[in-house]
Every structure is written in C-alpha cells, then in structure tokens.
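Student: Handing over my_file-v1.csv, CSV, C-alpha atoms.
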```
chain,number,residue,atom,x,y,z
A,1,MET,CA,-23.9,-57.6,28.6
A,2,PRO,CA,-21.5,-59.3,26.1
A,3,LYS,CA,-17.9,-58.2,25.7
A,4,PHE,CA,-15.2,-58.6,23.2
A,5,THR,CA,-11.4,-58.3,23.7
A,6,CYS,CA,-9.3,-55.9,21.7
A,7,ALA,CA,-5.9,-56.8,20.3
A,8,ASP,CA,-4.2,-55.1,23.3
A,9,GLY,CA,-6.3,-57.1,25.8
A,10,LEU,CA,-8.8,-54.4,26.8
A,11,ALA,CA,-12.4,-55.5,27.0
A,12,ILE,CA,-15.3,-53.6,25.5
A,13,THR,CA,-19.0,-54.1,26.3
A,14,TYR,CA,-21.5,-54.0,23.5
A,15,GLN,CA,-25.1,-54.7,22.6
A,16,THR,CA,-27.1,-55.6,19.5
A,17,SER,CA,-30.8,-55.4,19.1
A,18,GLY,CA,-33.4,-55.4,16.3
A,19,GLN,CA,-33.1,-56.9,12.9
A,20,GLY,CA,-32.2,-55.8,9.4
A,21,ALA,CA,-29.4,-53.9,7.8
A,22,PRO,CA,-26.6,-53.0,10.4
A,23,LEU,CA,-26.7,-49.6,12.0
A,24,LEU,CA,-23.8,-48.6,14.4
A,25,LEU,CA,-24.7,-45.9,16.9
A,26,LEU,CA,-21.9,-43.8,18.4
A,27,SER,CA,-22.3,-41.9,21.6
A,28,GLY,CA,-21.2,-38.5,22.9
A,29,GLN,CA,-18.2,-37.6,25.0
A,30,GLY,CA,-17.9,-39.4,28.3
A,31,ASN,CA,-20.9,-41.5,27.6
A,32,GLY,CA,-21.5,-45.2,26.8
A,33,MET,CA,-24.2,-46.8,24.9
A,34,GLY,CA,-26.8,-45.7,27.4
A,35,TRP,CA,-26.8,-42.4,25.5
A,36,TRP,CA,-29.1,-44.1,23.0
A,37,ASP,CA,-31.5,-45.8,25.4
A,38,PRO,CA,-34.3,-43.3,25.0
A,39,ILE,CA,-34.5,-43.7,21.2
A,40,VAL,CA,-32.9,-47.0,20.3
A,41,ALA,CA,-36.3,-48.6,19.7
A,42,ASP,CA,-36.9,-46.2,16.8
A,43,PHE,CA,-34.4,-48.1,14.7
A,44,GLU,CA,-34.9,-51.7,15.8
A,45,SER,CA,-37.7,-52.6,13.4
A,46,ASP,CA,-35.6,-51.8,10.4
A,47,HIS,CA,-32.0,-52.4,11.5
A,48,LEU,CA,-29.7,-54.6,13.5
A,49,VAL,CA,-28.7,-51.9,16.0
A,50,ILE,CA,-25.1,-52.1,17.3
A,51,ARG,CA,-23.9,-50.1,20.3
A,52,PHE,CA,-20.9,-50.2,22.5
A,53,ASP,CA,-19.3,-48.5,25.6
A,54,TYR,CA,-16.3,-46.6,24.7
A,55,LEU,CA,-13.2,-47.4,26.8
A,56,GLY,CA,-13.7,-45.6,30.1
A,57,THR,CA,-17.5,-45.8,30.0
A,58,GLY,CA,-20.2,-48.2,31.1
A,59,GLY,CA,-18.9,-51.8,31.4
A,60,SER,CA,-15.8,-51.4,29.2
A,61,ASP,CA,-12.3,-51.3,30.7
A,62,ALA,CA,-11.0,-47.9,31.8
A,63,PRO,CA,-7.3,-47.6,31.2
A,64,VAL,CA,-5.3,-44.7,32.7
A,65,SER,CA,-4.4,-43.4,29.2
A,66,GLY,CA,-4.7,-44.1,25.5
A,67,TYR,CA,-7.9,-42.3,24.7
A,68,SER,CA,-8.3,-41.0,21.2
A,69,LEU,CA,-11.0,-40.7,18.5
A,70,ASP,CA,-8.7,-43.0,16.3
A,71,ARG,CA,-8.9,-45.6,19.0
A,72,PHE,CA,-12.6,-45.3,19.3
A,73,ALA,CA,-13.0,-45.7,15.6
A,74,ASP,CA,-10.7,-48.7,15.5
A,75,ASP,CA,-12.6,-50.3,18.4
A,76,ALA,CA,-15.8,-49.8,16.4
A,77,THR,CA,-14.2,-51.6,13.5
A,78,ALA,CA,-13.0,-54.4,15.8
A,79,LEU,CA,-16.6,-54.8,17.0
A,80,LEU,CA,-17.8,-55.1,13.4
A,81,ASP,CA,-15.1,-57.8,12.9
A,82,HIS,CA,-16.2,-59.6,16.1
A,83,LEU,CA,-19.8,-59.6,14.8
A,84,GLY,CA,-18.9,-60.7,11.3
A,85,ILE,CA,-20.3,-57.5,9.7
A,86,GLU,CA,-18.5,-56.3,6.6
A,87,SER,CA,-20.0,-52.8,6.5
A,88,SER,CA,-22.6,-50.8,8.4
A,89,ALA,CA,-24.5,-47.6,8.4
A,90,VAL,CA,-23.1,-45.3,11.1
A,91,TYR,CA,-24.9,-42.7,13.1
A,92,GLY,CA,-22.9,-40.6,15.6
A,93,THR,CA,-23.9,-37.6,17.6
A,94,SER,CA,-21.8,-35.0,19.3
A,95,MET,CA,-18.3,-36.6,19.9
A,96,GLY,CA,-19.8,-39.7,18.3
A,97,GLY,CA,-20.2,-37.6,15.1
A,98,LYS,CA,-16.4,-37.0,15.2
A,99,VAL,CA,-15.8,-40.7,15.8
A,100,ALA,CA,-18.0,-41.4,12.8
A,101,GLN,CA,-15.9,-39.1,10.7
A,102,GLN,CA,-12.7,-40.9,11.8
A,103,LEU,CA,-14.3,-44.3,11.2
A,104,ALA,CA,-15.2,-43.3,7.6
A,105,LEU,CA,-11.7,-41.9,7.0
A,106,ARG,CA,-9.7,-44.7,8.6
A,107,HIS,CA,-11.8,-47.6,7.5
A,108,PRO,CA,-13.9,-46.5,4.5
A,109,SER,CA,-14.9,-50.0,3.4
A,110,ARG,CA,-16.7,-50.6,6.7
A,111,VAL,CA,-19.1,-47.6,6.3
A,112,ASN,CA,-21.8,-47.7,3.7
A,113,CYS,CA,-23.5,-44.4,4.8
A,114,LEU,CA,-23.0,-41.8,7.4
A,115,VAL,CA,-25.2,-39.7,9.7
A,116,ILE,CA,-23.5,-37.0,11.7
A,117,GLY,CA,-25.5,-35.2,14.4
A,118,CYS,CA,-24.7,-32.1,16.5
A,119,SER,CA,-21.0,-32.3,15.7
A,120,SER,CA,-18.3,-30.5,13.8
A,121,THR,CA,-15.2,-30.8,11.7
A,122,GLY,CA,-13.0,-29.8,14.6
A,123,GLY,CA,-10.0,-27.6,14.3
A,124,PRO,CA,-9.6,-23.9,14.1
A,125,ASN,CA,-12.4,-23.3,11.6
A,126,ILE,CA,-15.3,-24.4,13.8
A,127,ILE,CA,-17.9,-22.2,15.5
A,128,ARG,CA,-17.4,-22.7,19.2
A,129,MET,CA,-19.7,-22.2,22.2
A,130,SER,CA,-19.4,-18.9,24.0
A,131,ASN,CA,-16.8,-18.4,26.7
A,132,GLU,CA,-19.6,-17.8,29.2
A,133,ILE,CA,-21.1,-21.2,28.6
A,134,SER,CA,-17.6,-22.8,28.8
A,135,SER,CA,-17.0,-21.2,32.1
A,136,ARG,CA,-20.4,-22.4,33.5
A,137,ILE,CA,-19.6,-26.0,32.4
A,138,ALA,CA,-16.2,-25.8,34.0
A,139,ASP,CA,-17.7,-24.6,37.4
A,140,PRO,CA,-18.9,-27.6,39.4
A,141,ALA,CA,-21.6,-25.5,41.0
A,142,THR,CA,-23.2,-24.8,37.6
A,143,LYS,CA,-22.1,-27.7,35.4
A,144,GLU,CA,-25.1,-30.0,35.7
A,145,ALA,CA,-27.7,-27.3,35.3
A,146,THR,CA,-25.8,-25.8,32.4
A,147,LEU,CA,-25.4,-29.1,30.6
A,148,THR,CA,-29.0,-29.9,31.1
A,149,ASN,CA,-30.1,-26.6,29.6
A,150,LEU,CA,-27.7,-27.1,26.6
A,151,MET,CA,-29.2,-30.5,26.0
A,152,TYR,CA,-32.9,-29.9,26.4
A,153,SER,CA,-35.4,-27.1,26.4
A,154,PRO,CA,-37.0,-26.0,29.8
A,155,LYS,CA,-40.3,-27.1,28.5
A,156,TRP,CA,-39.0,-30.7,27.9
A,157,THR,CA,-37.2,-31.0,31.3
A,158,ALA,CA,-40.4,-29.7,33.0
A,159,GLU,CA,-42.2,-32.7,31.5
A,160,TYR,CA,-39.4,-35.3,31.8
A,161,ALA,CA,-37.6,-35.7,35.0
A,162,SER,CA,-33.9,-36.5,35.4
A,163,PRO,CA,-31.7,-38.5,35.2
A,164,TYR,CA,-31.1,-37.9,31.5
A,165,ALA,CA,-29.3,-40.5,29.5
A,166,THR,CA,-27.0,-37.9,27.8
A,167,LEU,CA,-25.6,-36.6,31.1
A,168,GLY,CA,-23.6,-39.7,32.0
A,169,GLU,CA,-19.9,-39.4,32.5
A,170,ALA,CA,-16.8,-41.5,32.0
A,171,SER,CA,-16.1,-43.9,34.9
A,172,THR,CA,-12.8,-42.4,36.1
A,173,PRO,CA,-11.1,-39.0,36.2
A,174,GLN,CA,-8.5,-40.2,33.8
A,175,ALA,CA,-11.2,-41.4,31.4
A,176,ARG,CA,-13.1,-38.1,31.6
A,177,LEU,CA,-9.9,-36.2,30.9
A,178,GLY,CA,-9.0,-38.6,28.1
A,179,HIS,CA,-12.4,-38.3,26.4
A,180,ARG,CA,-12.4,-34.5,26.7
A,181,ARG,CA,-8.9,-34.2,25.2
A,182,ALA,CA,-9.8,-36.7,22.4
A,183,SER,CA,-12.9,-34.8,21.4
A,184,ASN,CA,-11.2,-31.3,21.6
A,185,GLY,CA,-8.3,-32.5,19.6
A,186,HIS,CA,-10.4,-33.6,16.6
A,187,ASP,CA,-9.5,-31.8,13.3
A,188,ALA,CA,-10.7,-33.5,10.1
A,189,TRP,CA,-11.1,-30.3,8.1
A,190,ASP,CA,-8.5,-31.2,5.5
A,191,LYS,CA,-9.5,-34.9,5.2
A,192,LEU,CA,-13.2,-34.8,4.9
A,193,GLY,CA,-13.2,-34.6,1.2
A,194,ALA,CA,-12.2,-38.2,1.1
A,195,ILE,CA,-15.5,-39.4,2.5
A,196,ALA,CA,-17.4,-40.9,-0.5
A,197,VAL,CA,-20.4,-42.4,1.1
A,198,PRO,CA,-23.9,-40.8,1.3
A,199,THR,CA,-23.8,-38.5,4.3
A,200,LEU,CA,-26.6,-36.8,6.2
A,201,ILE,CA,-25.8,-34.0,8.7
A,202,LEU,CA,-28.4,-33.2,11.4
A,203,HIS,CA,-28.4,-30.4,13.9
A,204,GLY,CA,-30.7,-28.6,16.3
A,205,SER,CA,-31.5,-25.0,15.4
A,206,ASP,CA,-31.0,-23.9,19.1
A,207,ASP,CA,-27.8,-25.8,19.9
A,208,LEU,CA,-25.5,-23.5,21.9
A,209,MET,CA,-23.0,-26.3,22.8
A,210,VAL,CA,-22.1,-26.9,19.1
A,211,PRO,CA,-23.7,-24.0,17.2
A,212,PRO,CA,-25.7,-25.1,14.1
A,213,ALA,CA,-23.4,-23.2,11.7
A,214,ASN,CA,-21.1,-26.1,12.2
A,215,ALA,CA,-23.5,-28.3,10.2
A,216,ASP,CA,-23.0,-26.1,7.1
A,217,LEU,CA,-19.2,-26.2,7.6
A,218,LEU,CA,-19.3,-30.0,7.7
A,219,ALA,CA,-21.4,-30.1,4.6
A,220,GLY,CA,-19.0,-27.9,2.8
A,221,ARG,CA,-16.2,-30.3,3.4
A,222,ILE,CA,-18.0,-33.7,2.8
A,223,PRO,CA,-18.9,-34.2,-0.9
A,224,ASN,CA,-22.6,-34.1,-1.6
A,225,ALA,CA,-23.6,-34.1,2.1
A,226,GLN,CA,-27.2,-33.2,3.0
A,227,VAL,CA,-28.1,-30.9,5.9
A,228,ARG,CA,-31.3,-31.0,7.9
A,229,ILE,CA,-31.9,-28.6,10.8
A,230,ILE,CA,-34.3,-29.6,13.5
A,231,PRO,CA,-36.3,-26.5,14.5
A,232,GLY,CA,-36.1,-25.9,18.3
A,233,GLY,CA,-33.6,-28.7,18.8
A,234,ARG,CA,-30.8,-28.2,21.3
A,235,HIS,CA,-27.8,-30.5,21.6
A,236,ALA,CA,-29.9,-33.6,22.4
A,237,TYR,CA,-32.3,-32.9,19.4
A,238,PHE,CA,-32.3,-36.6,18.7
A,239,GLU,CA,-34.1,-37.3,22.0
A,240,GLU,CA,-36.3,-34.3,22.5
A,241,TYR,CA,-37.3,-34.2,18.9
A,242,ARG,CA,-37.1,-37.9,18.2
A,243,GLU,CA,-40.5,-37.9,16.4
A,244,VAL,CA,-38.9,-35.6,13.8
A,245,ALA,CA,-35.3,-36.6,13.9
A,246,SER,CA,-35.6,-40.4,13.9
A,247,PRO,CA,-37.9,-40.6,10.8
A,248,ILE,CA,-35.4,-38.3,8.9
A,249,VAL,CA,-32.6,-40.8,9.7
A,250,LEU,CA,-34.7,-43.8,8.8
A,251,ASP,CA,-35.8,-42.3,5.5
A,252,PHE,CA,-32.2,-41.5,4.6
A,253,LEU,CA,-31.0,-45.0,5.5
A,254,ALA,CA,-33.9,-46.5,3.5
A,255,ALA,CA,-33.1,-44.4,0.5
A,256,VAL,CA,-29.4,-45.4,0.6
A,257,LEU,CA,-30.3,-49.1,1.0
A,258,ALA,CA,-32.7,-48.8,-2.0
A,259,MET,CA,-29.9,-47.6,-4.3
A,260,PRO,CA,-28.6,-50.1,-6.8
A,261,SER,CA,-25.4,-51.8,-5.8
A,262,GLY,CA,-22.4,-49.5,-6.6
A,263,ASP,CA,-24.5,-46.3,-6.6
A,264,SER,CA,-24.3,-45.6,-2.9
A,265,LYS,CA,-21.0,-43.9,-3.2
```
Kindly return the structure encoded in the file as structure tokens.

Tutor:
Amino acid sequence: MPKFTCADGLAITYQTSGQGAPLLLLSGQGNGMGWWDPIVADFESDHLVIRFDYLGTGGSDAPVSGYSLDRFADDATALLDHLGIESSAVYGTSMGGKVAQQLALRHPSRVNCLVIGCSSTGGPNIIRMSNEISSRIADPATKEATLTNLMYSPKWTAEYASPYATLGEASTPQARLGHRRASNGHDAWDKLGAIAVPTLILHGSDDLMVPPANADLLAGRIPNAQVRIIPGGRHAYFEEYREVASPIVLDFLAAVLAMPSGDSK
C-alpha cells in the first residue's frame, strides 16, 4: 500500500482505484480506509476513488497525541496535493462526515461537492444517543454486540457473518482515545453557513447512534443542502442499504458534474 509523508514527518497510507472524477472517501471514528471495502466498487466505474488511513489506523503512523478533525482534514488536503488533484468530491460518513465538514470549511477550494452521511453538526445542539446506549458501548462486556446492533439490523447480520468492516478500531489506546476526543469535540454549528458547494445529507431512518433528526439540523445550517433518509437504515446504512444509498450518491455526483462551470456553487 503506498504512503505519503506529511510535513511533520508522519506517514499516511492511502489507496486509489477506479477512474473518472476524483471522489475522496472519509471513514468513521477509529477506522481506516477498510471502512469502505464493502462498497468501494460501487464508485469505481465513474470515479477515481481516493481513500486513506487516518493517523492511528491501518498502516498509517500512530503518534501518542495530536489527533484532531482539523488534522485529519489537513491530511486529506495533503493527500490531494500528493496526487496532484486540485479539487474533489468528498463523501464522509459518521466521524468522516465531520472531517468532511472541516475539510470544506478549512480548504473550500479543494471540495467541489459534499456528501455527509450519518453525521452531525456537533456541539450542544445535536440530538445524542440515549444514555442507555452510551453505557452499553462503554461496557467491554456489551460493547461489540451493541455496536453491531447499532450499525446493522438483526436480519442483515443473520445473513452476513462478522467481521464487519465498520467495527475496526484505532491501532493503539492513545489513538482510540484521540479519535474519540476529536469526534466528540466537533462543533461546526456556527460555521456551516460558509459551505457553498452542493451538499447532500444522507441518514438511516433507524440510526440510534446518531439519530436521524441530526440530518435536518445539518441541512438547516448548510445553505441549500439536500436530505435523503434511507428507510430502515441504521448507522451503517451505506453498507446494508448500498443498493439504495450508493445510487443516490452517484446520481448526486453526476448531477453536480453536469452543471456548467461556475454553477456548482
């Protein structure tokens, strides 16, 4: 797997596949690019798909500290620089949706359109998971079963056996803590009005990890954002309901690419 070196000397593993207009995929908390393995093929016929392992995941370096969504967004920009790509469509889910927001805010010229899935604005205005669910995730005895149930329906897990790509974790305790703090500290509520690119917000109707009301909150802060709710989808709607979700994303990207130059904002 190829790597590139950041300005501070840390190395990040990445992968490109497919051909066409660039599409950067951003993974969830504590996960590397393997998060997208089950569905990456959906995008490769129409797009040059770009993925990378966040610091602390996969083959990337795992420093003791320094984890933040700003850092992840800057690393994504550095990867685009490394690949010689001026701007890209960006699709981020869960924490990756928060990184996508930061990328569009910190480096607006590098993002030509945005897809945010199962994510939130962060901050005090969001709708949070219940305390009961939080407690079950915090308990090592119930954590894996709880996360699996939050990601997928029982019907789906009965048909598809583990391991599941979305249940990977950061490589060290420091990285796991760093990712969790970075995601929990996200608050873009007051800044999202600055996002000027076409934006699609996707969410599963049955997501208890990040309740679907957060999709409307996001859309209320990002000008002209569209919302699509995937019926029955849980937090990993993009995998369980890929036959619904991926075409929605592809149609959105195709429509943006078809816009006359200068109209995509």

Student: Interatomic distance between atom CA of Gly168 of chain A and atom CA of Asp53 of chain A?

Tutor: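 Atom-to-atom, atom CA of Gly168 of chain A to atom CA of Asp53 of chain A, that is 11.7 Å.
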
Student: What's the 6 Å shell around Cys118 of chain A, counting all atoms listed in the file, without same-chain residues fewer than 2 positions away, as a list in words?

Tutor: Thr93, Ser94 and His203 of chain A

Student: Let me make sure I understand: among A:Leu200, A:Ala161, A:Leu80, A:Ala21, which one has the smallest atom-to-atom distance to Gly97 of chain A if we use all atoms listed in the file?

Tutor: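 Among the listed residues, the smallest separation from Gly97 of chain A belongs to A:Leu200.
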
Student: Pick out the closest residue to Met1 of chain A from this set: A:Gly28, A:Pro198, A:Pro38, A:Gly58. Count only C-alpha atoms.

Tutor: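 Of A:Gly28, A:Pro198, A:Pro38, A:Gly58, the one nearest Met1 of chain A is A:Gly58, counting only C-alpha atoms.
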
Student: Taking all atoms listed in the file into account, name the residue in A:Asp42, A:Ala170, A:Ala182, A:Pro22 that is nearest to Arg110 of chain A.

Tutor: A:Pro22

Student: Using all atoms listed in the file, which residues sit within 10 Å of Arg234 of chain A once same-chain residues fewer than 2 positions away are excluded, as a list in words?

Tutor: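 So the residues in contact are Cys118, Asn149, Leu150, Met151, Tyr152, Ser153, His203, Gly204, Ser205, Asp206, Asp207, Leu208, Met209, Val210, Pro211, Pro212, Ile230, Pro231, Gly232, Ala236, Tyr237, Phe238, Glu239, Glu240 and Tyr241 of chain A.
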
Student: Between atom CA of Ala245 of chain A and atom CA of Arg228 of chain A, what distance in Å does the model show, to one decimal?

Tutor: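 Atom CA of Arg228 of chain A lies at a distance of 9.1 Å from atom CA of Ala245 of chain A.
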
Student: Quick one, how far is atom CA of Gly220 of chain A from atom CA of Gly233 of chain A?

Tutor: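 Computing the Euclidean distance for atom CA of Gly220 of chain A and atom CA of Gly233 of chain A yields 21.7 Å.
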
Student: In the coordinates of the file, take the point (-10.2, -50.7, 14.9) and a cut-off of 12 Å; then, counting all atoms listed in the file, name each qualifying protein, DNA or RNA residue as a ChimeraX atom specification.

Tutor: /A:5-8,68-82,99,102-108,110

Student: Kindly indicate which residue among A:Lys143, A:His47, A:His179, A:Arg136 lies nearest to Ala62 of chain A, using all atoms listed in the file for the distances.

Tutor: A:His179

Student: Every residue with an atom at most 12 Å from (-20.2, -60.2, 27.2) (file coordinates; only C-alpha atoms) is what I'm after, so could you write them as JSON, numbers by chain?

Tutor: {"A": [1, 2, 3, 4, 5, 11, 12, 13, 14, 15, 16, 52, 53, 59, 60, 82]}

Student: Kindly indicate which residue among A:Gln29, A:Thr121, A:Gln101, A:Ser109 lies nearest to Leu217 of chain A, using all atoms listed in the file for the distances.

Tutor: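 Going through A:Gln29, A:Thr121, A:Gln101, A:Ser109 one by one, the smallest distance to Leu217 of chain A is for A:Thr121.
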
Student: Nearest to Ser87 of chain A: which of A:Asn184, A:Thr142, A:Val197, A:Ser162 is it, counting only C-alpha atoms?

Tutor: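 Between A:Asn184, A:Thr142, A:Val197, A:Ser162, the residue approaching Ser87 of chain A most closely is A:Val197.
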
Student: Which residues come within 10 Å of Gly193 of chain A, counting only C-alpha atoms, excluding same-chain residues fewer than 5 positions away, as JSON, numbers by chain?

Tutor: {"A": [105, 188, 219, 220, 221, 222, 223, 224]}

Student: Selection from above, C-alpha atoms, as a tab-separated table (two decimals), keeping the file's coordinate frame, can you write it?

Tutor:
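Output (result.tsv):
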```tsv
chain	number	residue	atom	x	y	z
A	105	LEU	CA	-11.70	-41.90	7.00
A	188	ALA	CA	-10.70	-33.50	10.10
A	219	ALA	CA	-21.40	-30.10	4.60
A	220	GLY	CA	-19.00	-27.90	2.80
A	221	ARG	CA	-16.20	-30.30	3.40
A	222	ILE	CA	-18.00	-33.70	2.80
A	223	PRO	CA	-18.90	-34.20	-0.90
A	224	ASN	CA	-22.60	-34.10	-1.60
```
